[in-house]
>>> print(open('data-v6.cif').read())   # mmCIF, C-alpha atoms
data_upload
loop_
_atom_site.label_atom_id
_atom_site.label_comp_id
_atom_site.auth_asym_id
_atom_site.auth_seq_id
_atom_site.Cartn_x
_atom_site.Cartn_y
_atom_site.Cartn_z
CA MET Z 1 0.00 0.00 0.00
CA SER Z 2 1.42 3.37 -0.96
CA PHE Z 3 0.44 6.78 0.32
CA GLY Z 4 2.97 8.61 -1.82
CA SER Z 5 2.46 11.75 -3.83
CA GLN Z 6 -0.47 10.45 -5.83
CA GLY Z 7 -3.44 12.65 -6.58
CA PRO Z 8 -3.88 16.41 -6.19
CA TYR Z 9 -2.82 16.63 -2.52
CA TYR Z 10 0.87 15.80 -2.93
CA GLY Z 11 1.19 13.28 -0.13
CA GLY Z 12 -1.62 14.37 2.17
CA GLY Z 13 -1.20 15.76 5.64
CA GLY Z 14 -3.75 18.48 4.95
CA PHE Z 15 -1.14 21.03 3.92
CA MET Z 16 -0.79 22.68 0.56
CA LYS Z 17 2.42 22.24 -1.39
CA ASN Z 18 4.73 25.27 -1.25
CA SER Z 19 2.89 27.02 1.58
CA PRO Z 20 5.26 28.53 4.16
CA GLY Z 21 5.38 26.26 7.20
CA GLY Z 22 2.41 24.32 5.84
CA PHE Z 23 -0.09 26.82 7.24
CA GLY Z 24 -1.74 28.00 4.02
CA THR Z 25 -5.36 27.27 3.31
CA GLN Z 26 -7.04 26.70 0.00
CA ALA Z 27 -8.72 30.10 0.26
CA THR Z 28 -5.52 31.92 1.28
CA PRO Z 29 -2.43 29.88 0.34
CA GLY Z 30 0.46 30.88 2.53
CA GLY Z 31 -1.64 33.12 4.73
CA ASP Z 32 -3.38 36.43 4.21
CA GLY Z 33 -0.51 38.83 4.74
CA GLY Z 34 -0.90 38.90 8.53
CA ASN Z 35 -4.32 40.54 8.55
CA GLN Z 36 -5.77 37.81 10.76
CA LYS Z 37 -4.33 35.70 13.57
CA GLN Z 38 -3.43 32.15 12.53
CA GLY Z 39 -5.30 30.58 15.47
CA ASN Z 40 -8.50 32.28 14.35
CA ARG Z 41 -8.57 30.36 11.05
CA SER Z 42 -7.81 26.90 12.39
CA LEU Z 43 -10.20 24.13 13.34
CA ARG Z 44 -10.01 23.69 17.10
CA PRO Z 45 -11.09 20.52 18.92
CA VAL Z 46 -13.09 21.34 22.06
CA ASN Z 47 -15.49 19.66 24.45
CA ILE Z 48 -19.05 20.71 25.27
CA ALA Z 49 -18.05 22.23 28.62
CA GLN Z 50 -15.69 24.60 26.76
CA VAL Z 51 -18.49 25.53 24.34
CA LEU Z 52 -20.87 26.24 27.22
CA GLU Z 53 -18.24 28.42 28.93
CA SER Z 54 -17.32 30.33 25.73
CA LYS Z 55 -17.78 34.09 25.77
CA GLN Z 56 -18.64 36.83 23.29
CA SER Z 57 -18.62 40.39 24.63
CA ASN Z 58 -21.13 41.53 21.98
CA SER Z 59 -22.54 40.32 18.67
CA GLU Z 60 -19.79 42.15 16.73
CA ASN Z 61 -16.88 40.42 18.52
CA GLU Z 62 -15.49 36.94 17.97
CA TRP Z 63 -16.16 34.03 20.30
CA LEU Z 64 -13.49 33.22 22.90
CA ILE Z 65 -12.74 29.76 24.27
CA ASP Z 66 -10.13 29.65 27.04
CA GLY Z 67 -9.36 33.29 26.21
CA GLN Z 68 -8.50 32.51 22.56
CA PRO Z 69 -10.59 33.62 19.55
CA VAL Z 70 -12.21 30.80 17.55
CA THR Z 71 -14.26 30.61 14.39
CA MET Z 72 -14.35 26.85 13.69
CA ILE Z 73 -14.60 24.06 16.26
CA SER Z 74 -15.02 20.30 16.26
CA VAL Z 75 -16.64 18.24 19.00
CA VAL Z 76 -16.84 14.45 19.20
CA VAL Z 77 -20.23 13.59 20.66
CA HIS Z 78 -22.77 10.88 21.29
CA VAL Z 79 -26.15 11.63 19.67
CA HIS Z 80 -28.98 10.87 22.12
CA GLU Z 81 -31.98 12.15 20.20
CA VAL Z 82 -32.82 13.42 16.70
CA SER Z 83 -35.87 15.52 15.95
CA MET Z 84 -36.70 16.56 12.40
CA GLN Z 85 -38.63 19.80 12.05
CA THR Z 86 -39.79 21.77 9.04
CA THR Z 87 -36.77 24.09 8.95
CA ALA Z 88 -34.16 22.31 11.10
CA ASP Z 89 -32.89 18.97 12.35
CA VAL Z 90 -32.37 19.11 16.13
CA TYR Z 91 -29.83 16.83 17.81
CA LYS Z 92 -29.41 16.34 21.57
CA VAL Z 93 -25.76 15.39 22.06
CA SER Z 94 -23.28 14.85 24.91
CA ASP Z 95 -19.58 14.13 25.27
CA GLY Z 96 -19.12 13.36 28.97
CA SER Z 97 -18.41 16.98 29.88
CA GLY Z 98 -21.89 18.31 29.14
CA GLN Z 99 -24.98 18.10 26.95
CA ILE Z 100 -26.24 20.54 24.32
CA GLU Z 101 -28.87 20.83 21.62
CA VAL Z 102 -27.54 21.32 18.09
CA ARG Z 103 -29.57 22.63 15.15
CA HIS Z 104 -28.80 21.90 11.52
CA TRP Z 105 -30.83 24.42 9.51
CA VAL Z 106 -32.32 23.08 6.27
CA GLU Z 107 -34.50 24.51 3.55
CA SER Z 108 -38.18 24.37 4.38
CA ARG Z 109 -39.58 20.91 3.74
CA SER Z 110 -42.99 19.30 3.78
CA PRO Z 111 -44.08 16.60 6.26
CA ASP Z 112 -43.84 14.06 3.39
CA ASP Z 113 -40.19 15.04 2.81
CA MET Z 114 -39.45 14.64 6.53
CA GLU Z 115 -41.07 11.20 6.56
CA ALA Z 116 -38.98 10.13 3.54
CA ASP Z 117 -35.81 11.41 5.25
CA MET Z 118 -36.62 9.43 8.41
CA GLU Z 119 -37.23 6.24 6.42
CA GLY Z 120 -33.89 6.63 4.66
CA SER Z 121 -31.87 7.11 7.86
CA PRO Z 122 -30.22 4.13 9.59
#
>>> encode(input="data-v6.cif", output="structure tokens")
Amino acid sequence: MSFGSQGPYYGGGGFMKNSPGGFGTQATPGGDGGNQKQGNRSLRPVNIAQVLESKQSNSENEWLIDGQPVTMISVVVHVHEVSMQTTADVYKVSDGSGQIEVRHWVESRSPDDMEADMEGSP
């Protein structure tokens, strides 16, 4: 099995070829000239307790987790309940540090569409 430089990603690792230090993104290869902090563009793994304790001083400011600005997070959770509504799917999830309700907004759908979606889910 070979994971060499096959395909468009030049060996994987999630980094773009020729980006300084490997920190470029597809939208801004090699950075954006220092206009934004690097930590603000990265995907940060957190737990639910950190999400619940996050702060935002007002709607114009960025969210802070552990005093650091974040824009994208990832959380590994256990899904306890799924509720499909007309405009959103609602998930009740937990990770051992807390429990939250997550909404995935969807285009408006009819009750027949929701029933078909439920039948197609595992």
>>> atom_distance(input="data-v6.cif", atom1="atom CA of Z:Met84", atom2="atom CA of Z:Leu52")
23.7 Å
>>> resolve_selection(input="data-v6.cif", expression="the PyMOL selection byres ((chain Z and resi 103) around 6)", output="list of chain:residue names")
Z:Asp89, Z:Val90, Z:Val102, Z:His104
>>> atom_distance(input="data-v6.cif", atom1="atom CA of Z:Glu101", atom2="atom CA of Z:Val75")
12.8 Å
>>> resolve_selection(input="data-v6.cif", expression="the PyMOL selection byres ((chain Z and resi 80) around 12)", output="PDB file with C-alpha atoms, keeping the file's coordinate frame")
ATOM      1  CA  VAL Z  77     -20.230  13.590  20.660  1.00  0.00           C
ATOM      2  CA  HIS Z  78     -22.770  10.880  21.290  1.00  0.00           C
ATOM      3  CA  VAL Z  79     -26.150  11.630  19.670  1.00  0.00           C
ATOM      4  CA  GLU Z  81     -31.980  12.150  20.200  1.00  0.00           C
ATOM      5  CA  VAL Z  82     -32.820  13.420  16.700  1.00  0.00           C
ATOM      6  CA  SER Z  83     -35.870  15.520  15.950  1.00  0.00           C
ATOM      7  CA  VAL Z  90     -32.370  19.110  16.130  1.00  0.00           C
ATOM      8  CA  TYR Z  91     -29.830  16.830  17.810  1.00  0.00           C
ATOM      9  CA  LYS Z  92     -29.410  16.340  21.570  1.00  0.00           C
ATOM     10  CA  VAL Z  93     -25.760  15.390  22.060  1.00  0.00           C
ATOM     11  CA  SER Z  94     -23.280  14.850  24.910  1.00  0.00           C
ATOM     12  CA  ASP Z  95     -19.580  14.130  25.270  1.00  0.00           C
ATOM     13  CA  GLN Z  99     -24.980  18.100  26.950  1.00  0.00           C
ATOM     14  CA  ILE Z 100     -26.240  20.540  24.320  1.00  0.00           C
ATOM     15  CA  GLU Z 101     -28.870  20.830  21.620  1.00  0.00           C
ATOM     16  CA  VAL Z 102     -27.540  21.320  18.090  1.00  0.00           C
TER      17      VAL Z 102
END
>>> atom_distance(input="data-v6.cif", atom1="atom CA of Z:Gln56", atom2="atom CA of Z:Val70")
10.5 Å
>>> residues_around(input="data-v6.cif", residues="Z:Arg44", least_positions_apart="6", cutoff="12 Å", atoms="all atoms listed in the file", output="PDB file with C-alpha atoms, in the coordinates of the input")
ATOM      1  CA  GLN Z  38      -3.430  32.150  12.530  1.00  0.00           C
ATOM      2  CA  GLN Z  50     -15.690  24.600  26.760  1.00  0.00           C
ATOM      3  CA  VAL Z  51     -18.490  25.530  24.340  1.00  0.00           C
ATOM      4  CA  LEU Z  64     -13.490  33.220  22.900  1.00  0.00           C
ATOM      5  CA  ILE Z  65     -12.740  29.760  24.270  1.00  0.00           C
ATOM      6  CA  ASP Z  66     -10.130  29.650  27.040  1.00  0.00           C
ATOM      7  CA  GLN Z  68      -8.500  32.510  22.560  1.00  0.00           C
ATOM      8  CA  PRO Z  69     -10.590  33.620  19.550  1.00  0.00           C
ATOM      9  CA  VAL Z  70     -12.210  30.800  17.550  1.00  0.00           C
ATOM     10  CA  THR Z  71     -14.260  30.610  14.390  1.00  0.00           C
ATOM     11  CA  MET Z  72     -14.350  26.850  13.690  1.00  0.00           C
ATOM     12  CA  ILE Z  73     -14.600  24.060  16.260  1.00  0.00           C
ATOM     13  CA  SER Z  74     -15.020  20.300  16.260  1.00  0.00           C
ATOM     14  CA  VAL Z  75     -16.640  18.240  19.000  1.00  0.00           C
ATOM     15  CA  VAL Z  76     -16.840  14.450  19.200  1.00  0.00           C
TER      16      VAL Z  76
END
>>> residues_near_point(input="data-v6.cif", point="(-16.7, 14.8, 28.6)", cutoff="8 Å", atoms="all atoms listed in the file", output="tab-separated table (two decimals) with C-alpha atoms, keeping the file's coordinate frame")
chain	number	residue	atom	x	y	z
Z	47	ASN	CA	-15.49	19.66	24.45
Z	48	ILE	CA	-19.05	20.71	25.27
Z	49	ALA	CA	-18.05	22.23	28.62
Z	94	SER	CA	-23.28	14.85	24.91
Z	95	ASP	CA	-19.58	14.13	25.27
Z	96	GLY	CA	-19.12	13.36	28.97
Z	97	SER	CA	-18.41	16.98	29.88
Z	98	GLY	CA	-21.89	18.31	29.14
